[in-house]
file input_37.txt (compact mmCIF, C-alpha atoms)
# COMPACT_ATOMS: atom_id res chain seq x y z
CA MET X 273 -62.36 -25.74 -9.06
CA ASN X 274 -61.96 -29.22 -10.45
CA PRO X 275 -59.63 -31.18 -8.10
CA LEU X 276 -57.49 -32.45 -10.96
CA THR X 277 -56.92 -28.90 -12.28
CA GLY X 278 -55.17 -27.87 -9.05
CA TYR X 279 -52.73 -30.77 -9.19
CA LEU X 280 -52.02 -30.16 -12.88
CA LEU X 281 -51.36 -26.46 -12.23
CA VAL X 282 -48.98 -27.25 -9.34
CA ALA X 283 -47.16 -29.77 -11.55
CA ALA X 284 -46.93 -27.24 -14.41
CA LEU X 285 -45.51 -24.58 -12.05
CA LEU X 286 -42.98 -27.06 -10.63
CA PHE X 287 -42.01 -28.12 -14.16
CA ALA X 288 -41.50 -24.49 -15.23
CA THR X 289 -39.41 -23.85 -12.08
CA GLY X 290 -37.21 -26.85 -12.85
CA LEU X 291 -36.88 -25.83 -16.50
CA ALA X 292 -35.91 -22.28 -15.52
CA GLY X 293 -33.31 -23.68 -13.12
CA ALA X 294 -31.90 -26.08 -15.71
CA LEU X 295 -31.66 -23.35 -18.35
CA THR X 296 -30.36 -20.43 -16.27
CA ARG X 297 -27.90 -21.82 -13.70
CA ARG X 298 -24.24 -22.25 -14.60
CA ASN X 299 -23.43 -24.96 -12.04
CA ALA X 300 -23.82 -28.44 -13.56
CA ILE X 301 -25.23 -29.90 -10.31
CA LEU X 302 -27.93 -27.21 -10.20
CA VAL X 303 -28.90 -28.14 -13.76
CA LEU X 304 -29.33 -31.76 -12.59
CA ILE X 305 -31.46 -30.51 -9.66
CA GLY X 306 -33.68 -28.70 -12.18
CA ILE X 307 -34.03 -31.89 -14.24
CA GLU X 308 -35.00 -33.83 -11.09
CA LEU X 309 -37.70 -31.25 -10.36
CA MET X 310 -39.08 -31.62 -13.90
CA LEU X 311 -39.20 -35.43 -13.59
CA ASN X 312 -40.99 -35.13 -10.25
CA ALA X 313 -43.56 -32.75 -11.74
CA ALA X 314 -44.27 -35.35 -14.43
CA ASN X 315 -44.70 -38.01 -11.71
CA LEU X 316 -47.23 -35.81 -9.92
CA ASN X 317 -49.19 -35.56 -13.18
CA LEU X 318 -49.13 -39.34 -13.63
CA ILE X 319 -50.37 -40.00 -10.09
CA ALA X 320 -53.07 -37.32 -10.31
CA PHE X 321 -54.38 -38.67 -13.62
CA TRP X 322 -54.34 -42.21 -12.18
CA ARG X 323 -56.32 -41.06 -9.10
CA TYR X 324 -59.03 -39.19 -11.03
CA GLY X 325 -59.00 -41.34 -14.17
CA PRO X 326 -61.78 -43.76 -15.12
CA HIS X 327 -60.06 -47.03 -14.10
CA PRO X 328 -57.78 -46.54 -11.07
CA GLU X 329 -58.03 -50.24 -10.17
CA ALA X 330 -56.01 -51.10 -13.32
CA LEU X 331 -53.00 -49.34 -11.69
CA THR X 332 -51.64 -48.20 -15.08
CA GLY X 333 -50.67 -44.62 -14.22
CA PHE X 334 -49.54 -45.65 -10.76
CA LEU X 335 -47.06 -48.21 -12.05
CA PHE X 336 -45.95 -45.80 -14.77
CA ALA X 337 -45.01 -43.37 -11.97
CA ILE X 338 -43.15 -46.11 -10.06
CA PHE X 339 -41.12 -47.03 -13.17
CA SER X 340 -40.53 -43.33 -13.83
CA ILE X 341 -39.09 -42.94 -10.31
CA ALA X 342 -36.73 -45.88 -10.92
CA VAL X 343 -35.53 -44.48 -14.25
CA ALA X 344 -35.04 -41.03 -12.67
CA ALA X 345 -32.86 -42.61 -9.96
CA ALA X 346 -30.68 -44.21 -12.65
CA GLU X 347 -30.47 -40.86 -14.44
CA ALA X 348 -29.39 -39.07 -11.26
CA ALA X 349 -26.63 -41.63 -10.59
CA VAL X 350 -25.20 -41.39 -14.13
CA GLY X 351 -25.54 -37.59 -14.27
CA LEU X 352 -23.77 -36.98 -10.98
CA GLY X 353 -21.08 -39.53 -11.91
CA LEU X 354 -20.46 -37.56 -15.11
CA VAL X 355 -20.29 -34.26 -13.18
CA ILE X 356 -17.69 -35.72 -10.79
CA SER X 357 -15.69 -37.09 -13.74
CA ILE X 358 -15.75 -33.72 -15.54
CA TYR X 359 -14.75 -31.97 -12.32
CA ARG X 360 -11.70 -34.24 -12.05
CA HIS X 361 -10.62 -33.32 -15.59
CA LEU X 362 -11.39 -29.60 -15.66
CA ARG X 363 -11.46 -28.65 -11.94
CA THR X 364 -14.79 -26.85 -12.40
CA THR X 365 -18.52 -27.47 -12.49
CA ASP X 366 -19.15 -24.23 -14.38
CA LEU X 367 -21.03 -25.10 -17.57
CA ASP X 368 -19.79 -21.96 -19.35
CA ALA X 369 -16.20 -23.16 -18.79
CA MET X 370 -16.90 -26.60 -20.31
CA ASN X 371 -16.33 -25.69 -23.93
CA ARG X 372 -14.38 -28.63 -25.34
CA MET X 373 -15.28 -32.28 -25.77
CA LYS X 374 -11.70 -33.60 -25.71
CA GLY X 375 -10.67 -34.74 -22.22
CA MET W 351 -59.67 -27.91 -3.01
CA THR W 352 -58.90 -28.44 0.65
CA PRO W 353 -56.61 -26.25 2.80
CA VAL W 354 -54.23 -29.22 2.98
CA PHE W 355 -53.78 -28.99 -0.79
CA TYR W 356 -52.85 -25.30 -0.61
CA ILE W 357 -50.38 -25.89 2.24
CA LEU W 358 -48.71 -28.71 0.30
CA ALA W 359 -48.67 -26.66 -2.91
CA ILE W 360 -46.99 -23.71 -1.16
CA LEU W 361 -44.46 -26.04 0.55
CA THR W 362 -43.57 -27.86 -2.67
CA LEU W 363 -43.38 -24.78 -4.89
CA ALA W 364 -41.40 -22.79 -2.32
CA GLY W 365 -38.96 -25.70 -2.00
CA GLY W 366 -38.63 -26.00 -5.77
CA LEU W 367 -38.17 -22.27 -6.24
CA ALA W 368 -35.54 -22.10 -3.47
CA ALA W 369 -33.75 -25.12 -4.97
CA VAL W 370 -33.08 -23.30 -8.24
CA THR W 371 -32.57 -19.74 -6.94
CA LEU W 372 -30.40 -19.99 -3.81
CA LYS W 373 -26.74 -19.03 -4.09
CA ASN W 374 -25.15 -21.73 -1.94
CA THR W 375 -25.47 -25.14 -3.62
CA VAL W 376 -25.76 -26.99 -0.28
CA HIS W 377 -28.81 -24.87 0.55
CA CYS W 378 -30.17 -25.74 -2.91
CA ALA W 379 -29.87 -29.45 -2.13
CA LEU W 380 -31.69 -28.97 1.19
CA ALA W 381 -34.48 -27.01 -0.53
CA LEU W 382 -34.70 -29.80 -3.10
CA THR W 383 -35.31 -32.23 -0.23
CA VAL W 384 -38.20 -30.04 0.97
CA ALA W 385 -39.71 -30.12 -2.53
CA PHE W 386 -39.35 -33.92 -2.66
CA ALA W 387 -41.05 -34.23 0.75
CA GLY W 388 -43.91 -32.00 -0.43
CA LEU W 389 -44.37 -34.21 -3.49
CA ALA W 390 -44.36 -37.35 -1.30
CA LEU W 391 -47.14 -35.78 0.80
CA PHE W 392 -49.01 -34.97 -2.44
CA PHE W 393 -48.79 -38.65 -3.41
CA LEU W 394 -50.12 -39.66 0.02
CA GLN W 395 -52.98 -37.18 -0.36
CA LEU W 396 -53.78 -38.71 -3.76
CA ASP W 397 -54.23 -42.13 -2.08
CA ALA W 398 -51.03 -43.48 -3.64
CA GLN W 399 -49.42 -44.58 -0.37
CA PHE W 400 -46.91 -46.90 -2.02
CA ALA W 401 -45.70 -44.16 -4.40
CA GLY W 402 -45.49 -41.68 -1.51
CA PHE W 403 -43.28 -43.92 0.59
CA ALA W 404 -41.23 -44.94 -2.47
CA GLN W 405 -40.73 -41.21 -3.14
CA ILE W 406 -39.48 -40.66 0.43
CA LEU W 407 -37.14 -43.68 0.26
CA ILE W 408 -35.74 -43.09 -3.23
CA TYR W 409 -35.67 -39.30 -3.56
CA ILE W 410 -35.09 -38.09 0.00
CA GLY W 411 -33.10 -41.18 0.99
CA ALA W 412 -30.97 -41.70 -2.11
CA VAL W 413 -31.11 -38.95 -4.74
CA ALA W 414 -30.82 -36.01 -2.31
CA ILE W 415 -27.90 -37.68 -0.53
CA LEU W 416 -26.27 -38.34 -3.92
CA VAL W 417 -26.64 -34.65 -4.82
CA VAL W 418 -25.10 -33.59 -1.50
CA PHE W 419 -22.17 -35.99 -2.06
CA ALA W 420 -21.63 -34.62 -5.56
CA ILE W 421 -21.66 -31.03 -4.23
CA LEU W 422 -19.13 -31.88 -1.52
CA LEU W 423 -16.88 -33.88 -3.90
CA THR W 424 -16.77 -31.05 -6.44
CA ARG W 425 -16.55 -28.24 -3.85
CA SER W 426 -18.93 -26.24 -6.02
CA SER W 427 -20.37 -24.42 -2.97
CA GLU W 428 -17.06 -22.55 -2.66
CA ALA W 429 -16.48 -22.00 -6.36
CA GLU W 430 -19.88 -20.35 -6.66
CA ALA W 431 -18.63 -17.25 -4.79
CA SER W 432 -16.60 -16.03 -7.78
CA GLY W 433 -18.76 -14.72 -10.60
CA GLY W 434 -22.53 -14.89 -10.82
CA ILE W 435 -24.68 -17.97 -10.41
CA LEU W 436 -26.43 -17.49 -13.73
CA SER W 437 -25.18 -18.67 -17.10
CA ARG W 438 -24.66 -16.32 -20.03
CA HIS W 439 -27.96 -17.22 -21.65
CA TRP W 440 -30.13 -16.91 -18.53
CA LEU W 441 -32.61 -14.44 -20.04
CA ALA W 442 -33.42 -16.74 -22.97
CA GLY W 443 -33.80 -19.67 -20.53
CA LEU W 444 -36.16 -17.69 -18.34
CA ILE W 445 -38.27 -16.66 -21.32
CA ILE W 446 -38.45 -20.28 -22.55
CA ALA W 447 -39.52 -21.51 -19.10
CA ALA W 448 -42.19 -18.79 -18.84
CA ALA W 449 -43.47 -19.65 -22.32
CA VAL W 450 -43.64 -23.36 -21.45
CA PHE W 451 -45.61 -22.58 -18.30
CA ALA W 452 -47.94 -20.26 -20.24
CA VAL W 453 -48.70 -23.00 -22.77
CA LEU W 454 -49.20 -25.66 -20.07
CA GLY W 455 -51.41 -23.40 -17.94
CA TRP W 456 -53.47 -22.35 -20.94
CA ALA W 457 -54.01 -25.99 -21.96
CA ILE W 458 -54.97 -27.02 -18.40
CA LEU W 459 -57.43 -24.14 -17.89
CA ARG W 460 -58.97 -24.51 -21.35
CA GLY W 461 -59.40 -28.26 -20.89
CA ALA W 462 -60.71 -28.02 -17.33
CA GLN W 463 -64.30 -28.87 -18.34
CA ALA W 464 -63.22 -32.11 -20.01
CA LEU W 465 -61.28 -33.33 -16.96
CA PRO W 466 -62.91 -36.04 -14.83
CA GLN W 467 -64.71 -34.96 -11.66
CA GLU W 468 -64.24 -36.20 -8.09
CA SER W 469 -64.21 -40.00 -8.05
CA ALA W 470 -64.29 -42.68 -5.39
CA VAL W 471 -61.10 -43.44 -3.46
CA PRO W 472 -59.36 -46.37 -5.18
CA ALA W 473 -58.55 -49.11 -2.68
CA VAL W 474 -55.07 -50.25 -3.66
CA THR W 475 -53.22 -52.75 -1.50
CA VAL W 476 -49.54 -53.63 -1.71
CA HIS W 477 -50.68 -57.14 -2.59
CA GLN W 478 -52.39 -55.83 -5.73
CA ILE W 479 -49.30 -53.82 -6.69
CA GLY W 480 -47.09 -56.88 -6.23
CA THR W 481 -49.42 -59.05 -8.30
CA ALA W 482 -49.47 -56.46 -11.09
CA LEU W 483 -45.66 -56.10 -11.02
CA MET W 484 -45.13 -59.87 -11.15
CA GLY W 485 -47.92 -60.50 -13.66
CA ARG W 486 -48.80 -57.97 -16.34
CA TYR W 487 -45.78 -55.68 -15.77
CA VAL W 488 -43.08 -58.30 -15.25
CA LEU W 489 -41.24 -57.44 -18.48
CA PRO W 490 -40.94 -53.69 -17.71
CA LEU W 491 -39.85 -54.65 -14.18
CA GLU W 492 -37.02 -56.81 -15.53
CA ILE W 493 -35.98 -54.10 -18.01
CA VAL W 494 -35.88 -51.50 -15.20
CA ALA W 495 -33.79 -53.90 -13.11
CA LEU W 496 -31.34 -54.28 -16.00
CA LEU W 497 -31.32 -50.51 -16.58
CA LEU W 498 -30.60 -49.76 -12.92
CA THR W 499 -27.78 -52.32 -12.79
CA SER W 500 -26.11 -51.05 -15.95
CA ALA W 501 -26.62 -47.39 -14.94
CA LEU W 502 -25.04 -47.91 -11.52
CA ILE W 503 -22.09 -49.88 -12.95
CA GLY W 504 -21.68 -47.18 -15.61
CA ALA W 505 -21.80 -44.39 -13.01
CA VAL W 506 -19.13 -46.12 -10.92
CA ILE W 507 -16.90 -46.66 -13.97
CA VAL W 508 -17.31 -43.06 -15.14
CA ALA W 509 -16.59 -41.57 -11.71
CA MET W 510 -13.81 -44.06 -10.83
CA HIS W 511 -10.23 -42.87 -10.46
CA GLU W 512 -8.16 -43.70 -13.55
CA LYS W 513 -4.94 -44.22 -11.64
CA GLU W 514 -1.63 -44.62 -13.50
CA SER W 515 -3.35 -44.94 -16.87
CA ALA W 516 -2.83 -41.25 -17.64
CA LYS W 517 0.88 -41.38 -16.85
call {"tool": "encode", "arguments": {"input": "input_37.txt", "output": "structure tokens"}}
result
Amino acid sequence: MNPLTGYLLVAALLFATGLAGALTRRNAILVLIGIELMLNAANLNLIAFWRYGPHPEALTGFLFAIFSIAVAAAEAAVGLGLVISIYRHLRTTDLDAMNRMKG
Amino acid sequence: MTPVFYILAILTLAGGLAAVTLKNTVHCALALTVAFAGLALFFLQLDAQFAGFAQILIYIGAVAILVVFAILLTRSSEAEASGGILSRHWLAGLIIAAAVFAVLGWAILRGAQALPQESAVPAVTVHQIGTALMGRYVLPLEIVALLLTSALIGAVIVAMHEKESAK
């Protein structure tokens, strides 16, 4: 098997796992965990394409992955801050119970 | 495909699967850490040492700890006991995820011939990465710095206690 195919398949499986978690769980923190898994699967794709691409010395895919990690960290901080804020208002992290936008 | 690849794939996928299926949210966070560690080892195996260690520092060191703090602050590990762990629309979500994986897998396997073959190990030093970050990629670096600053200030403001203002 082509070495790149294995990495892409692992990343696709991890992405599908994260998507299933984000779409099926009712706890808001578990949804954020699913989103983190999806972002990480995308990073694995970026690094694998950089490694087996035609010009790895240009570092394009590598630095894309580094920037992606930084943006994902910002996303995690804001997302978890929002979850804590919603918990303080509604006393729950159950997404099915969050059915109004007024605080 | 080396045996190391299969071991890492099983470790990462088992961690990811456990992270979204376990009942206790603290266990989910720990399984998420295992998945992050597996991905960091994948990065090391792909000769991206800097990305591997950045993954360990940022995801295992910061994001996983942040998730654990959020779980403990919201006490969602106790609330989970009442009612199921799945949302009302879980079947539709599962079908969508399976369909997405089917499309991705089909595209990967159909395009396997066009993918590049085994190539030489790229020799990347931290010096090269630093030169690239300070040279060609200096504008994205500054934008990411601004984004991180504003995101962290925003997260603190959103999660901060609004004392007395509500009264």
call {"tool": "closest_residue", "arguments": {"input": "input_37.txt", "among": "X:Leu295, X:Val303, X:Leu311, X:Ala344", "to": "chain W", "atoms": "only C-alpha atoms"}}
result
X:Leu295
call {"tool": "closest_atom_pairs", "arguments": {"input": "input_37.txt", "of": "chain X", "to": "chain W", "cutoff": "6 Å", "atoms": "only C-alpha atoms", "output": "JSON lines"}}
result
{"residue": "X:Ala288", "atom": "CA", "partner": "W:Ala447", "partner_atom": "CA", "distance": 5.3}
{"residue": "X:Leu291", "atom": "CA", "partner": "W:Ala447", "partner_atom": "CA", "distance": 5.7}
{"residue": "X:Ala292", "atom": "CA", "partner": "W:Ala447", "partner_atom": "CA", "distance": 5.1}
{"residue": "X:Gly293", "atom": "CA", "partner": "W:Val370", "partner_atom": "CA", "distance": 4.9}
{"residue": "X:Leu295", "atom": "CA", "partner": "W:Gly443", "partner_atom": "CA", "distance": 4.8}
{"residue": "X:Thr296", "atom": "CA", "partner": "W:Trp440", "partner_atom": "CA", "distance": 4.2}
{"residue": "X:Arg297", "atom": "CA", "partner": "W:Leu436", "partner_atom": "CA", "distance": 4.6}
{"residue": "X:Arg298", "atom": "CA", "partner": "W:Ser437", "partner_atom": "CA", "distance": 4.5}
{"residue": "X:Ala346", "atom": "CA", "partner": "W:Leu498", "partner_atom": "CA", "distance": 5.6}
{"residue": "X:Val350", "atom": "CA", "partner": "W:Ala505", "partner_atom": "CA", "distance": 4.7}
{"residue": "X:Gly353", "atom": "CA", "partner": "W:Ala509", "partner_atom": "CA", "distance": 4.9}
{"residue": "X:Ser357", "atom": "CA", "partner": "W:Ala509", "partner_atom": "CA", "distance": 5.0}
call {"tool": "write_last_selection", "arguments": {"input": "input_37.txt", "atoms": "C-alpha atoms", "output": "PDB file, in the frame of the given file"}}
result
ATOM      1  CA  ALA X 288     -41.500 -24.490 -15.230  1.00  0.00           C
ATOM      2  CA  LEU X 291     -36.880 -25.830 -16.500  1.00  0.00           C
ATOM      3  CA  ALA X 292     -35.910 -22.280 -15.520  1.00  0.00           C
ATOM      4  CA  GLY X 293     -33.310 -23.680 -13.120  1.00  0.00           C
ATOM      5  CA  LEU X 295     -31.660 -23.350 -18.350  1.00  0.00           C
ATOM      6  CA  THR X 296     -30.360 -20.430 -16.270  1.00  0.00           C
ATOM      7  CA  ARG X 297     -27.900 -21.820 -13.700  1.00  0.00           C
ATOM      8  CA  ARG X 298     -24.240 -22.250 -14.600  1.00  0.00           C
ATOM      9  CA  ALA X 346     -30.680 -44.210 -12.650  1.00  0.00           C
ATOM     10  CA  VAL X 350     -25.200 -41.390 -14.130  1.00  0.00           C
ATOM     11  CA  GLY X 353     -21.080 -39.530 -11.910  1.00  0.00           C
ATOM     12  CA  SER X 357     -15.690 -37.090 -13.740  1.00  0.00           C
TER      13      SER X 357
END
call {"tool": "closest_residue", "arguments": {"input": "input_37.txt", "among": "W:Asn374, W:Ala457, W:Gly480, W:Leu496", "to": "Ala284 of chain X", "atoms": "all atoms listed in the file"}}
result
W:Ala457
call {"tool": "closest_residue", "arguments": {"input": "input_37.txt", "among": "W:Val476, W:Ala387, W:Val488, W:Leu407", "to": "Asn312 of chain X", "atoms": "all atoms listed in the file"}}
result
W:Ala387
call {"tool": "atom_distance", "arguments": {"input": "input_37.txt", "atom1": "atom CA of Ala283 of chain X", "atom2": "atom CA of Met310 of chain X"}}
result
8.6 Å
call {"tool": "axis_aligned_box", "arguments": {"input": "input_37.txt", "around": "segment 413-425 of chain W", "padding_each_side": "4 Å", "output": "JSON"}}
result
{"center_x": -23.8, "center_y": -33.6, "center_z": -3.5, "size_x": 22.6, "size_y": 18.7, "size_z": 13.9}
call {"tool": "atom_distance", "arguments": {"input": "input_37.txt", "atom1": "atom CA of Gly411 of chain W", "atom2": "atom CA of Ala342 of chain X"}}
result
13.3 Å
call {"tool": "atom_distance", "arguments": {"input": "input_37.txt", "atom1": "atom CA of Val376 of chain W", "atom2": "atom CA of Ser340 of chain X"}}
result
25.9 Å
call {"tool": "closest_residue", "arguments": {"input": "input_37.txt", "among": "X:Leu318, X:Ala348, X:Met370, X:Ala300", "to": "Tyr279 of chain X", "atoms": "only C-alpha atoms"}}
result
X:Leu318
call {"tool": "decode", "arguments": {"input": "input_37.txt", "residues": "segment 325-359 of chain X", "atoms": "N, CA and C atoms", "output": "PDB file, in the first residue's frame"}}
result
ATOM      1  N   GLY X 325       4.893  15.135  -0.194  1.00  0.00           N
ATOM      2  CA  GLY X 325       4.695  16.029  -1.318  1.00  0.00           C
ATOM      3  C   GLY X 325       5.975  16.263  -2.088  1.00  0.00           C
ATOM      4  N   PRO X 326       5.894  16.997  -3.213  1.00  0.00           N
ATOM      5  CA  PRO X 326       7.075  17.181  -4.056  1.00  0.00           C
ATOM      6  C   PRO X 326       8.134  18.115  -3.474  1.00  0.00           C
ATOM      7  N   HIS X 327       7.765  19.097  -2.657  1.00  0.00           N
ATOM      8  CA  HIS X 327       8.757  20.062  -2.162  1.00  0.00           C
ATOM      9  C   HIS X 327       8.686  20.201  -0.645  1.00  0.00           C
ATOM     10  N   PRO X 328       9.130  19.184   0.101  1.00  0.00           N
ATOM     11  CA  PRO X 328       9.043  19.318   1.573  1.00  0.00           C
ATOM     12  C   PRO X 328       9.970  20.405   2.121  1.00  0.00           C
ATOM     13  N   GLU X 329      11.024  20.757   1.379  1.00  0.00           N
ATOM     14  CA  GLU X 329      11.960  21.755   1.923  1.00  0.00           C
ATOM     15  C   GLU X 329      11.333  23.148   1.970  1.00  0.00           C
ATOM     16  N   ALA X 330      10.213  23.362   1.215  1.00  0.00           N
ATOM     17  CA  ALA X 330       9.552  24.667   1.254  1.00  0.00           C
ATOM     18  C   ALA X 330       8.752  24.866   2.539  1.00  0.00           C
ATOM     19  N   LEU X 331       8.488  23.789   3.280  1.00  0.00           N
ATOM     20  CA  LEU X 331       7.849  23.847   4.607  1.00  0.00           C
ATOM     21  C   LEU X 331       6.412  24.352   4.578  1.00  0.00           C
ATOM     22  N   THR X 332       5.763  24.376   3.401  1.00  0.00           N
ATOM     23  CA  THR X 332       4.435  25.001   3.325  1.00  0.00           C
ATOM     24  C   THR X 332       3.413  24.261   4.191  1.00  0.00           C
ATOM     25  N   GLY X 333       3.245  22.953   3.939  1.00  0.00           N
ATOM     26  CA  GLY X 333       2.252  22.192   4.694  1.00  0.00           C
ATOM     27  C   GLY X 333       2.586  22.119   6.163  1.00  0.00           C
ATOM     28  N   PHE X 334       3.862  22.048   6.465  1.00  0.00           N
ATOM     29  CA  PHE X 334       4.323  21.978   7.856  1.00  0.00           C
ATOM     30  C   PHE X 334       3.897  23.216   8.630  1.00  0.00           C
ATOM     31  N   LEU X 335       4.161  24.401   8.042  1.00  0.00           N
ATOM     32  CA  LEU X 335       3.808  25.629   8.752  1.00  0.00           C
ATOM     33  C   LEU X 335       2.304  25.839   8.780  1.00  0.00           C
ATOM     34  N   PHE X 336       1.616  25.336   7.740  1.00  0.00           N
ATOM     35  CA  PHE X 336       0.143  25.373   7.772  1.00  0.00           C
ATOM     36  C   PHE X 336      -0.358  24.600   8.984  1.00  0.00           C
ATOM     37  N   ALA X 337       0.235  23.429   9.247  1.00  0.00           N
ATOM     38  CA  ALA X 337      -0.180  22.633  10.405  1.00  0.00           C
ATOM     39  C   ALA X 337       0.128  23.356  11.704  1.00  0.00           C
ATOM     40  N   ILE X 338       1.283  24.026  11.786  1.00  0.00           N
ATOM     41  CA  ILE X 338       1.638  24.763  13.005  1.00  0.00           C
ATOM     42  C   ILE X 338       0.625  25.875  13.262  1.00  0.00           C
ATOM     43  N   PHE X 339       0.274  26.639  12.200  1.00  0.00           N
ATOM     44  CA  PHE X 339      -0.716  27.702  12.370  1.00  0.00           C
ATOM     45  C   PHE X 339      -2.072  27.122  12.728  1.00  0.00           C
ATOM     46  N   SER X 340      -2.395  25.961  12.138  1.00  0.00           N
ATOM     47  CA  SER X 340      -3.671  25.316  12.439  1.00  0.00           C
ATOM     48  C   SER X 340      -3.744  24.922  13.910  1.00  0.00           C
ATOM     49  N   ILE X 341      -2.620  24.431  14.468  1.00  0.00           N
ATOM     50  CA  ILE X 341      -2.589  24.075  15.890  1.00  0.00           C
ATOM     51  C   ILE X 341      -2.845  25.310  16.747  1.00  0.00           C
ATOM     52  N   ALA X 342      -2.232  26.453  16.359  1.00  0.00           N
ATOM     53  CA  ALA X 342      -2.411  27.680  17.145  1.00  0.00           C
ATOM     54  C   ALA X 342      -3.857  28.144  17.102  1.00  0.00           C
ATOM     55  N   VAL X 343      -4.475  28.091  15.909  1.00  0.00           N
ATOM     56  CA  VAL X 343      -5.870  28.530  15.795  1.00  0.00           C
ATOM     57  C   VAL X 343      -6.785  27.590  16.577  1.00  0.00           C
ATOM     58  N   ALA X 344      -6.475  26.273  16.559  1.00  0.00           N
ATOM     59  CA  ALA X 344      -7.289  25.314  17.302  1.00  0.00           C
ATOM     60  C   ALA X 344      -7.196  25.570  18.798  1.00  0.00           C
ATOM     61  N   ALA X 345      -6.021  26.006  19.276  1.00  0.00           N
ATOM     62  CA  ALA X 345      -5.884  26.315  20.705  1.00  0.00           C
ATOM     63  C   ALA X 345      -6.756  27.513  21.062  1.00  0.00           C
ATOM     64  N   ALA X 346      -6.784  28.535  20.197  1.00  0.00           N
ATOM     65  CA  ALA X 346      -7.651  29.688  20.452  1.00  0.00           C
ATOM     66  C   ALA X 346      -9.113  29.270  20.457  1.00  0.00           C
ATOM     67  N   GLU X 347      -9.469  28.378  19.527  1.00  0.00           N
ATOM     68  CA  GLU X 347     -10.857  27.895  19.454  1.00  0.00           C
ATOM     69  C   GLU X 347     -11.245  27.155  20.718  1.00  0.00           C
ATOM     70  N   ALA X 348     -10.333  26.314  21.231  1.00  0.00           N
ATOM     71  CA  ALA X 348     -10.643  25.547  22.443  1.00  0.00           C
ATOM     72  C   ALA X 348     -10.856  26.483  23.621  1.00  0.00           C
ATOM     73  N   ALA X 349     -10.011  27.534  23.742  1.00  0.00           N
ATOM     74  CA  ALA X 349     -10.145  28.459  24.873  1.00  0.00           C
ATOM     75  C   ALA X 349     -11.487  29.172  24.822  1.00  0.00           C
ATOM     76  N   VAL X 350     -11.871  29.686  23.635  1.00  0.00           N
ATOM     77  CA  VAL X 350     -13.136  30.419  23.528  1.00  0.00           C
ATOM     78  C   VAL X 350     -14.318  29.475  23.736  1.00  0.00           C
ATOM     79  N   GLY X 351     -14.253  28.270  23.140  1.00  0.00           N
ATOM     80  CA  GLY X 351     -15.362  27.323  23.262  1.00  0.00           C
ATOM     81  C   GLY X 351     -15.604  26.921  24.703  1.00  0.00           C
ATOM     82  N   LEU X 352     -14.531  26.587  25.421  1.00  0.00           N
ATOM     83  CA  LEU X 352     -14.715  26.155  26.807  1.00  0.00           C
ATOM     84  C   LEU X 352     -15.144  27.324  27.686  1.00  0.00           C
ATOM     85  N   GLY X 353     -14.666  28.558  27.376  1.00  0.00           N
ATOM     86  CA  GLY X 353     -15.148  29.730  28.098  1.00  0.00           C
ATOM     87  C   GLY X 353     -16.647  29.919  27.912  1.00  0.00           C
ATOM     88  N   LEU X 354     -17.131  29.706  26.685  1.00  0.00           N
ATOM     89  CA  LEU X 354     -18.565  29.824  26.420  1.00  0.00           C
ATOM     90  C   LEU X 354     -19.349  28.764  27.179  1.00  0.00           C
ATOM     91  N   VAL X 355     -18.813  27.515  27.215  1.00  0.00           N
ATOM     92  CA  VAL X 355     -19.519  26.441  27.924  1.00  0.00           C
ATOM     93  C   VAL X 355     -19.641  26.783  29.404  1.00  0.00           C
ATOM     94  N   ILE X 356     -18.556  27.302  29.997  1.00  0.00           N
ATOM     95  CA  ILE X 356     -18.594  27.657  31.423  1.00  0.00           C
ATOM     96  C   ILE X 356     -19.590  28.787  31.648  1.00  0.00           C
ATOM     97  N   SER X 357     -19.615  29.763  30.727  1.00  0.00           N
ATOM     98  CA  SER X 357     -20.559  30.878  30.862  1.00  0.00           C
ATOM     99  C   SER X 357     -22.005  30.402  30.766  1.00  0.00           C
ATOM    100  N   ILE X 358     -22.274  29.499  29.811  1.00  0.00           N
ATOM    101  CA  ILE X 358     -23.643  28.973  29.665  1.00  0.00           C
ATOM    102  C   ILE X 358     -24.024  28.158  30.892  1.00  0.00           C
ATOM    103  N   TYR X 359     -23.051  27.400  31.427  1.00  0.00           N
ATOM    104  CA  TYR X 359     -23.336  26.606  32.623  1.00  0.00           C
ATOM    105  C   TYR X 359     -23.732  27.505  33.787  1.00  0.00           C
TER     106      TYR X 359
END
